[in-house]
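A.B. asks: File data-v4.tsv follows (TSV, C-alpha atoms):
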```
chain	number	residue	atom	x	y	z
A	531	LYS	CA	3.26	-10.07	-15.21
A	532	ARG	CA	7.04	-9.63	-15.07
A	533	ALA	CA	7.41	-10.64	-18.71
A	534	LEU	CA	4.76	-8.06	-19.64
A	535	ASN	CA	6.60	-5.38	-17.66
A	536	ALA	CA	9.81	-6.30	-19.46
A	537	GLN	CA	8.14	-5.70	-22.80
A	538	MET	CA	7.08	-2.26	-21.57
A	539	HIS	CA	10.57	-1.21	-20.53
A	540	CYS	CA	13.89	-3.01	-20.77
A	541	GLY	CA	15.03	-3.93	-17.27
A	542	ARG	CA	12.15	-2.18	-15.51
A	543	PRO	CA	10.85	-5.11	-13.36
A	544	LEU	CA	11.98	-5.32	-9.74
A	545	ALA	CA	15.06	-7.36	-8.99
A	546	LYS	CA	13.62	-9.87	-6.55
A	547	LEU	CA	11.55	-11.67	-9.20
A	548	SER	CA	12.97	-14.29	-11.53
A	549	SER	CA	12.97	-13.90	-15.30
A	550	PRO	CA	12.56	-16.11	-18.38
A	551	LYS	CA	15.83	-17.70	-19.41
A	552	ASN	CA	15.50	-16.83	-23.07
A	553	TYR	CA	15.92	-13.11	-22.26
A	554	ARG	CA	19.38	-13.47	-20.70
A	555	GLN	CA	22.69	-13.20	-22.51
A	556	SER	CA	24.77	-16.27	-23.27
A	557	SER	CA	28.02	-16.64	-21.36
A	558	GLN	CA	29.92	-16.22	-24.65
A	559	GLU	CA	28.28	-12.84	-25.28
A	560	VAL	CA	28.91	-11.69	-21.74
A	561	MET	CA	32.56	-12.75	-21.84
A	562	ALA	CA	33.00	-10.95	-25.15
A	563	MET	CA	31.78	-7.78	-23.51
A	564	MET	CA	33.89	-8.41	-20.43
A	565	GLN	CA	37.02	-8.75	-22.54
A	566	GLY	CA	37.09	-5.00	-23.02
A	567	HIS	CA	36.55	-4.35	-19.33
A	568	LEU	CA	38.66	-6.79	-17.35
A	569	ASN	CA	41.77	-5.22	-15.91
A	570	VAL	CA	44.34	-5.75	-13.19
A	571	GLU	CA	43.36	-3.96	-10.01
A	572	CYS	CA	45.43	-0.86	-9.15
A	573	SER	CA	47.22	-0.87	-12.51
A	574	ALA	CA	47.73	2.34	-14.46
A	575	VAL	CA	44.44	2.73	-16.30
A	576	VAL	CA	43.09	5.83	-18.06
A	577	ASP	CA	46.08	7.91	-16.97
A	578	GLY	CA	45.88	6.41	-13.48
A	579	SER	CA	48.73	5.25	-11.28
A	580	PRO	CA	49.18	2.86	-8.34
A	581	ALA	CA	48.69	5.84	-6.04
A	582	ASP	CA	45.55	6.93	-7.91
A	583	PRO	CA	44.25	3.91	-9.85
A	584	ILE	CA	41.10	5.72	-10.94
A	585	GLY	CA	42.88	8.53	-12.78
A	586	LYS	CA	40.49	10.07	-15.29
A	587	ALA	CA	38.20	7.03	-15.37
A	588	THR	CA	34.45	7.55	-15.18
A	589	THR	CA	33.36	3.94	-15.80
A	590	LEU	CA	33.98	1.59	-12.89
A	591	MET	CA	33.85	-2.19	-12.74
A	592	PHE	CA	32.36	-3.62	-9.54
A	593	ARG	CA	33.37	-7.15	-8.61
A	594	HIS	CA	32.04	-9.81	-6.22
A	595	VAL	CA	28.50	-8.67	-7.06
A	596	PRO	CA	25.94	-10.97	-5.37
A	597	ARG	CA	24.80	-13.41	-8.01
A	598	LYS	CA	21.10	-12.54	-7.81
A	599	TYR	CA	21.63	-8.79	-8.20
A	600	VAL	CA	20.29	-6.95	-11.23
A	601	ALA	CA	21.17	-3.40	-12.23
A	602	ARG	CA	18.25	-1.94	-10.32
A	603	ASP	CA	19.63	-3.37	-7.06
A	604	LEU	CA	22.66	-1.08	-7.41
A	605	LEU	CA	20.62	2.13	-7.49
A	606	PRO	CA	19.87	2.46	-3.76
A	607	ILE	CA	23.52	1.63	-3.01
A	608	LEU	CA	24.78	4.35	-5.33
A	609	THR	CA	22.28	6.97	-4.23
A	610	GLN	CA	23.42	6.61	-0.62
A	611	HIS	CA	26.60	8.38	-1.71
A	612	VAL	CA	25.76	10.44	-4.81
A	613	THR	CA	22.72	12.11	-6.33
A	614	PRO	CA	20.85	10.35	-9.16
A	615	GLU	CA	22.30	12.88	-11.59
A	616	ALA	CA	25.82	11.59	-10.86
A	617	PHE	CA	25.64	8.43	-13.04
A	618	ASP	CA	24.18	7.59	-16.44
A	619	PHE	CA	24.87	3.88	-17.07
A	620	VAL	CA	24.35	0.86	-14.78
A	621	TYR	CA	24.76	-2.69	-16.07
A	622	VAL	CA	24.89	-6.11	-14.42
A	623	PRO	CA	25.39	-8.81	-17.11
A	624	TRP	CA	23.46	-12.04	-16.70
A	625	ASP	CA	24.07	-15.41	-18.33
A	626	LYS	CA	20.94	-16.54	-20.18
A	627	ASN	CA	21.90	-20.15	-19.56
A	628	SER	CA	21.73	-19.81	-15.77
A	629	THR	CA	19.76	-18.05	-13.06
A	630	TYR	CA	22.68	-15.90	-11.90
A	631	ASN	CA	24.56	-12.82	-13.01
A	632	MET	CA	28.24	-13.00	-13.94
A	633	GLY	CA	29.48	-11.43	-10.68
A	634	TYR	CA	30.39	-8.10	-12.31
A	635	ALA	CA	28.73	-4.72	-12.74
A	636	PHE	CA	29.60	-1.57	-14.67
A	637	VAL	CA	28.63	1.97	-13.72
A	638	ASN	CA	29.53	5.14	-15.59
A	639	PHE	CA	29.66	8.39	-13.62
A	640	VAL	CA	29.44	11.88	-15.04
A	641	ASP	CA	33.00	12.78	-14.00
A	642	SER	CA	36.13	11.20	-12.52
A	643	PRO	CA	35.96	12.99	-9.13
A	644	THR	CA	32.57	11.36	-8.55
A	645	ALA	CA	33.95	7.97	-9.55
A	646	ARG	CA	36.89	8.47	-7.21
A	647	MET	CA	34.54	9.36	-4.34
A	648	ILE	CA	32.49	6.19	-4.92
A	649	VAL	CA	35.65	4.11	-4.78
A	650	ALA	CA	36.69	5.78	-1.52
A	651	ASN	CA	33.27	5.25	0.05
A	652	LEU	CA	32.37	1.76	-1.15
A	653	ARG	CA	35.51	-0.25	-1.83
A	654	GLY	CA	36.07	-2.80	0.92
A	655	SER	CA	32.56	-2.54	2.37
A	656	ILE	CA	30.15	-5.48	2.33
A	657	TRP	CA	27.51	-5.92	-0.35
A	658	PRO	CA	24.02	-5.44	1.14
A	659	ASN	CA	21.86	-8.56	1.37
A	660	ASP	CA	24.73	-10.83	0.43
A	661	PRO	CA	24.64	-14.08	2.45
A	662	ARG	CA	28.32	-14.67	1.63
A	663	MET	CA	29.30	-11.26	3.08
A	664	ARG	CA	31.70	-10.46	0.24
A	665	GLU	CA	33.60	-7.20	-0.01
A	666	ILE	CA	32.93	-4.70	-2.76
A	667	ARG	CA	35.90	-4.51	-5.10
A	668	ILE	CA	36.09	-1.67	-7.61
A	669	LEU	CA	38.52	-0.95	-10.43
A	670	PRO	CA	38.51	1.18	-13.58
A	671	ALA	CA	36.86	-0.43	-16.58
A	672	GLN	CA	38.86	-0.40	-19.79
A	673	VAL	CA	35.81	0.75	-21.79
A	674	GLN	CA	35.12	4.32	-20.69
A	675	SER	CA	32.14	6.68	-21.14
A	676	LEU	CA	28.43	6.15	-21.68
A	677	ALA	CA	28.73	6.17	-25.47
A	678	ALA	CA	31.55	3.61	-25.57
A	679	ASN	CA	29.69	1.24	-23.25
A	680	LEU	CA	26.50	1.49	-25.29
A	681	ILE	CA	28.41	0.77	-28.51
A	682	ARG	CA	30.12	-2.24	-26.91
A	683	TYR	CA	26.76	-3.57	-25.73
A	684	ASN	CA	25.33	-3.10	-29.23
A	685	ASN	CA	28.31	-4.85	-30.84
A	686	THR	CA	28.60	-7.81	-28.47
A	687	VAL	CA	25.00	-8.80	-27.70
A	688	ALA	CA	23.34	-10.85	-30.44
A	689	GLU	CA	19.82	-9.90	-29.30
A	690	PRO	CA	18.50	-7.48	-26.67
A	691	ASP	CA	18.43	-8.76	-23.11
A	692	LEU	CA	14.97	-7.54	-22.19
A	693	MET	CA	15.20	-8.40	-18.50
A	694	HIS	CA	18.81	-7.52	-17.74
A	695	CYS	CA	19.86	-4.85	-20.21
A	696	PRO	CA	21.76	-1.74	-19.08
A	697	LEU	CA	19.88	1.05	-17.32
A	698	VAL	CA	20.55	4.48	-18.85
A	699	PHE	CA	19.88	7.81	-17.15
A	700	ARG	CA	19.84	11.44	-18.15
A	701	GLU	CA	19.94	14.10	-15.45
A	702	GLY	CA	18.69	11.61	-12.89
A	703	ARG	CA	15.81	10.22	-14.93
A	704	GLU	CA	15.78	6.80	-16.54
A	705	ILE	CA	15.48	6.79	-20.33
A	706	PRO	CA	14.83	3.84	-22.65
A	707	LEU	CA	17.93	1.95	-23.72
A	708	GLN	CA	16.77	2.14	-27.33
A	709	THR	CA	16.63	5.94	-27.18
A	710	ALA	CA	20.18	6.16	-25.84
A	711	LEU	CA	21.45	3.66	-28.41
A	712	GLN	CA	19.80	5.42	-31.31
A	713	GLU	CA	21.34	8.73	-30.33
A	714	VAL	CA	24.83	7.27	-30.03
A	715	LEU	CA	24.64	5.09	-33.12
A	716	GLN	CA	23.21	7.86	-35.30
A	717	THR	CA	25.99	10.19	-34.21
A	718	ARG	CA	28.60	7.59	-35.15
A	719	GLN	CA	26.65	6.18	-38.09
A	720	VAL	CA	26.64	2.64	-36.69
A	721	ALA	CA	23.75	0.29	-37.45
A	722	PRO	CA	21.96	-1.44	-34.56
A	723	GLN	CA	23.09	-5.03	-34.07
A	724	TRP	CA	19.63	-6.41	-33.33
A	725	GLY	CA	17.00	-7.40	-35.84
A	726	VAL	CA	14.04	-6.51	-33.62
A	727	ASN	CA	12.21	-3.26	-33.10
A	728	MET	CA	13.00	-2.37	-29.50
A	729	SER	CA	11.08	0.90	-29.75
A	730	SER	CA	7.88	-1.05	-29.13
A	731	LEU	CA	9.17	-1.97	-25.69
A	732	HIS	CA	8.70	1.54	-24.34
A	733	VAL	CA	5.29	2.60	-25.61
A	734	GLY	CA	3.11	4.16	-22.96
A	735	HIS	CA	5.57	3.85	-20.07
A	736	GLN	CA	6.42	6.77	-17.82
A	737	HIS	CA	10.01	6.76	-16.55
A	738	ALA	CA	10.34	7.57	-12.88
A	739	PRO	CA	13.26	9.40	-11.29
A	740	VAL	CA	15.89	7.20	-9.67
A	741	GLY	CA	14.94	8.46	-6.25
A	742	SER	CA	11.50	6.93	-6.58
A	743	GLU	CA	12.78	3.37	-7.02
A	744	VAL	CA	11.96	0.72	-4.44
A	745	PRO	CA	15.02	0.27	-2.19
A	746	LEU	CA	16.64	-3.05	-1.33
```
Could you spell out this file's structure in structure tokens?
C.D. replies:
Amino acid sequence: KRALNAQMHCGRPLAKLSSPKNYRQSSQEVMAMMQGHLNVECSAVVDGSPADPIGKATTLMFRHVPRKYVARDLLPILTQHVTPEAFDFVYVPWDKNSTYNMGYAFVNFVDSPTARMIVANLRGSIWPNDPRMREIRILPAQVQSLAANLIRYNNTVAEPDLMHCPLVFREGREIPLQTALQEVLQTRQVAPQWGVNMSSLHVGHQHAPVGSEVPL
């Protein structure tokens, strides 16, 4: 049933269920994407400074993410502090050769003040439902904006990760990843990286507002 749901909408199934291994990214693909994101915490990034490490950043990298989390597990955490309209990209990369994520997540917010508020409210707190009780660590991602993150995903993933692809939102409502990619790639005249027709994944599915998601 989960595999069927995944074919209906990329990443739609609930987080607590496992997924087929062949839908996850390889560690090489994930690390290629990470290369553009990894940064030294509290360094000057996106016009930031040690006093204000966020600067103008809108895309944040979350570290120490519990290894069973998927992107949908972040939604109730985020919406405790901001409205669903405040972010448009949520991604937790998974390694297709294991049953765990890579320990990182990326979220793009609509503006830097919102990103700064999330850092102030969440950094140093404990991840919910984490048996290891790890602290949330947040730093600016080097790849900034929804469009740039979508292009990086398109350029670094050999085939679509149907179970753990990024979640994309517009004005608080989830939209298909393929729709967002097509809009960005057409604007920049970039061809999709994948040789499959992802548009078939979304036929007949109604996209619910973030606020209607099942909480952790």
A.B. asks: With all atoms listed in the file as the atoms that count, which of A:Pro643, A:Pro658, A:Pro696, A:Gly702 lies nearest to Ile584 (chain A)?
C.D. replies: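 Closest to Ile584 (chain A), using all atoms listed in the file: A:Pro643.
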A.B. asks: Within 8 Å of (17.5, 12.4, -15.1), in the coordinates the file gives, what residues turn up when you count all atoms listed in the file, written out as an MDAnalysis selection string?
C.D. replies: chainID A and resid 614:615 699:705 739:740
A.B. asks: Check the smallest atom-to-atom distance from each of A:Val687, A:Ala677, A:Val600, A:Ile656 to Tyr630 (chain A) using all atoms listed in the file, then report the winner.
C.D. replies: A:Val600
A.B. asks: CA of Leu676 (chain A) and CA of Cys695 (chain A), how far apart in Å?
C.D. replies: 14.0 Å
A.B. asks: Which is closest to Val673 (chain A) among A:Leu604, A:Val637, A:Val595, A:Val714, if we use only C-alpha atoms?
C.D. replies: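 Between A:Leu604, A:Val637, A:Val595, A:Val714, the residue approaching Val673 (chain A) most closely is A:Val637.
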A.B. asks: CA of Thr588 (chain A) and CA of Arg646 (chain A), how far apart in Å?
C.D. replies: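 Separating CA of Arg646 (chain A) from CA of Thr588 (chain A) is a distance of 8.4 Å.
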A.B. asks: Give me, please, the distance in Å between CA of Leu608 (chain A) and CA of Ile668 (chain A), quoted to one decimal.
C.D. replies: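 Interatomic distance, CA of Leu608 (chain A) to CA of Ile668 (chain A): 13.0 Å.
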A.B. asks: Counting all atoms listed in the file, figure out which residue out of A:Ala671, A:Ala587, A:Ile681, A:Val620 gets nearest to Met647 (chain A).
C.D. replies: A:Ala587
A.B. asks: Which of these, A:Ala645, A:Trp624, A:Trp657, A:Leu590, has the shortest distance to Pro606 (chain A) once you count all atoms listed in the file?
C.D. replies: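 Of the candidates, the smallest distance to Pro606 (chain A) is held by A:Trp657.
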A.B. asks: Which is closer to Lys626 (chain A) than all the others in A:Ala710, A:Leu715, A:Met693, A:Ile607, using only C-alpha atoms?
C.D. replies: A:Met693
A.B. asks: So that I can check the surroundings of Leu707 (chain A), please list as a ChimeraX atom specification every protein, DNA and RNA residue that reaches within 7 Å of it, counting all atoms listed in the file and ignoring chain neighbours fewer than 3 positions away.
C.D. replies: /A:697-698,710-711
A.B. asks: Could you give me, as number ranges by chain, the residues that sit within 12 Å of (24.8, -6.5, -16.9) in the file's coordinates, counting all atoms listed in the file?
C.D. replies: A: 541, 554-557, 559-561, 563-564, 591-593, 595, 597-604, 619-626, 630-637, 679-680, 683, 687, 690-698
A.B. asks: What would region 586-599 of chain A look like with N, CA, C and O atoms in place, written as a compact mmCIF listing (two decimals), keeping the file's coordinate frame?
C.D. replies:
```
# COMPACT_ATOMS: atom_id res chain seq x y z
N LYS A 586 41.57 9.34 -14.65
CA LYS A 586 40.49 10.07 -15.29
C LYS A 586 39.29 9.17 -15.59
O LYS A 586 38.37 9.59 -16.30
N ALA A 587 39.27 7.98 -15.07
CA ALA A 587 38.20 7.03 -15.37
C ALA A 587 36.86 7.53 -14.85
O ALA A 587 36.77 8.12 -13.77
N THR A 588 35.82 7.29 -15.63
CA THR A 588 34.45 7.55 -15.18
C THR A 588 33.64 6.26 -15.10
O THR A 588 32.65 6.20 -14.38
N THR A 589 34.05 5.23 -15.84
CA THR A 589 33.36 3.94 -15.80
C THR A 589 34.10 3.00 -14.87
O THR A 589 35.30 2.76 -15.05
N LEU A 590 33.39 2.48 -13.88
CA LEU A 590 33.98 1.59 -12.89
C LEU A 590 33.40 0.19 -13.03
O LEU A 590 32.23 0.01 -13.36
N MET A 591 34.26 -0.79 -12.76
CA MET A 591 33.85 -2.19 -12.74
C MET A 591 33.75 -2.63 -11.28
O MET A 591 34.70 -2.49 -10.52
N PHE A 592 32.59 -3.11 -10.89
CA PHE A 592 32.36 -3.62 -9.54
C PHE A 592 32.44 -5.14 -9.58
O PHE A 592 31.81 -5.78 -10.42
N ARG A 593 33.20 -5.71 -8.65
CA ARG A 593 33.37 -7.15 -8.61
C ARG A 593 32.79 -7.73 -7.33
O ARG A 593 32.47 -7.02 -6.40
N HIS A 594 32.66 -9.08 -7.33
CA HIS A 594 32.04 -9.81 -6.22
C HIS A 594 30.56 -9.44 -6.05
O HIS A 594 30.03 -9.50 -4.94
N VAL A 595 29.91 -9.03 -7.13
CA VAL A 595 28.50 -8.67 -7.06
C VAL A 595 27.69 -9.91 -6.69
O VAL A 595 27.87 -10.96 -7.30
N PRO A 596 26.80 -9.83 -5.70
CA PRO A 596 25.94 -10.97 -5.37
C PRO A 596 25.24 -11.49 -6.61
O PRO A 596 24.73 -10.71 -7.43
N ARG A 597 25.18 -12.80 -6.74
CA ARG A 597 24.80 -13.41 -8.01
C ARG A 597 23.33 -13.26 -8.38
O ARG A 597 22.96 -13.57 -9.52
N LYS A 598 22.50 -12.79 -7.48
CA LYS A 598 21.10 -12.54 -7.81
C LYS A 598 20.82 -11.06 -8.08
O LYS A 598 19.69 -10.69 -8.40
N TYR A 599 21.82 -10.21 -7.95
CA TYR A 599 21.63 -8.79 -8.20
C TYR A 599 21.31 -8.53 -9.68
O TYR A 599 21.85 -9.17 -10.58
```
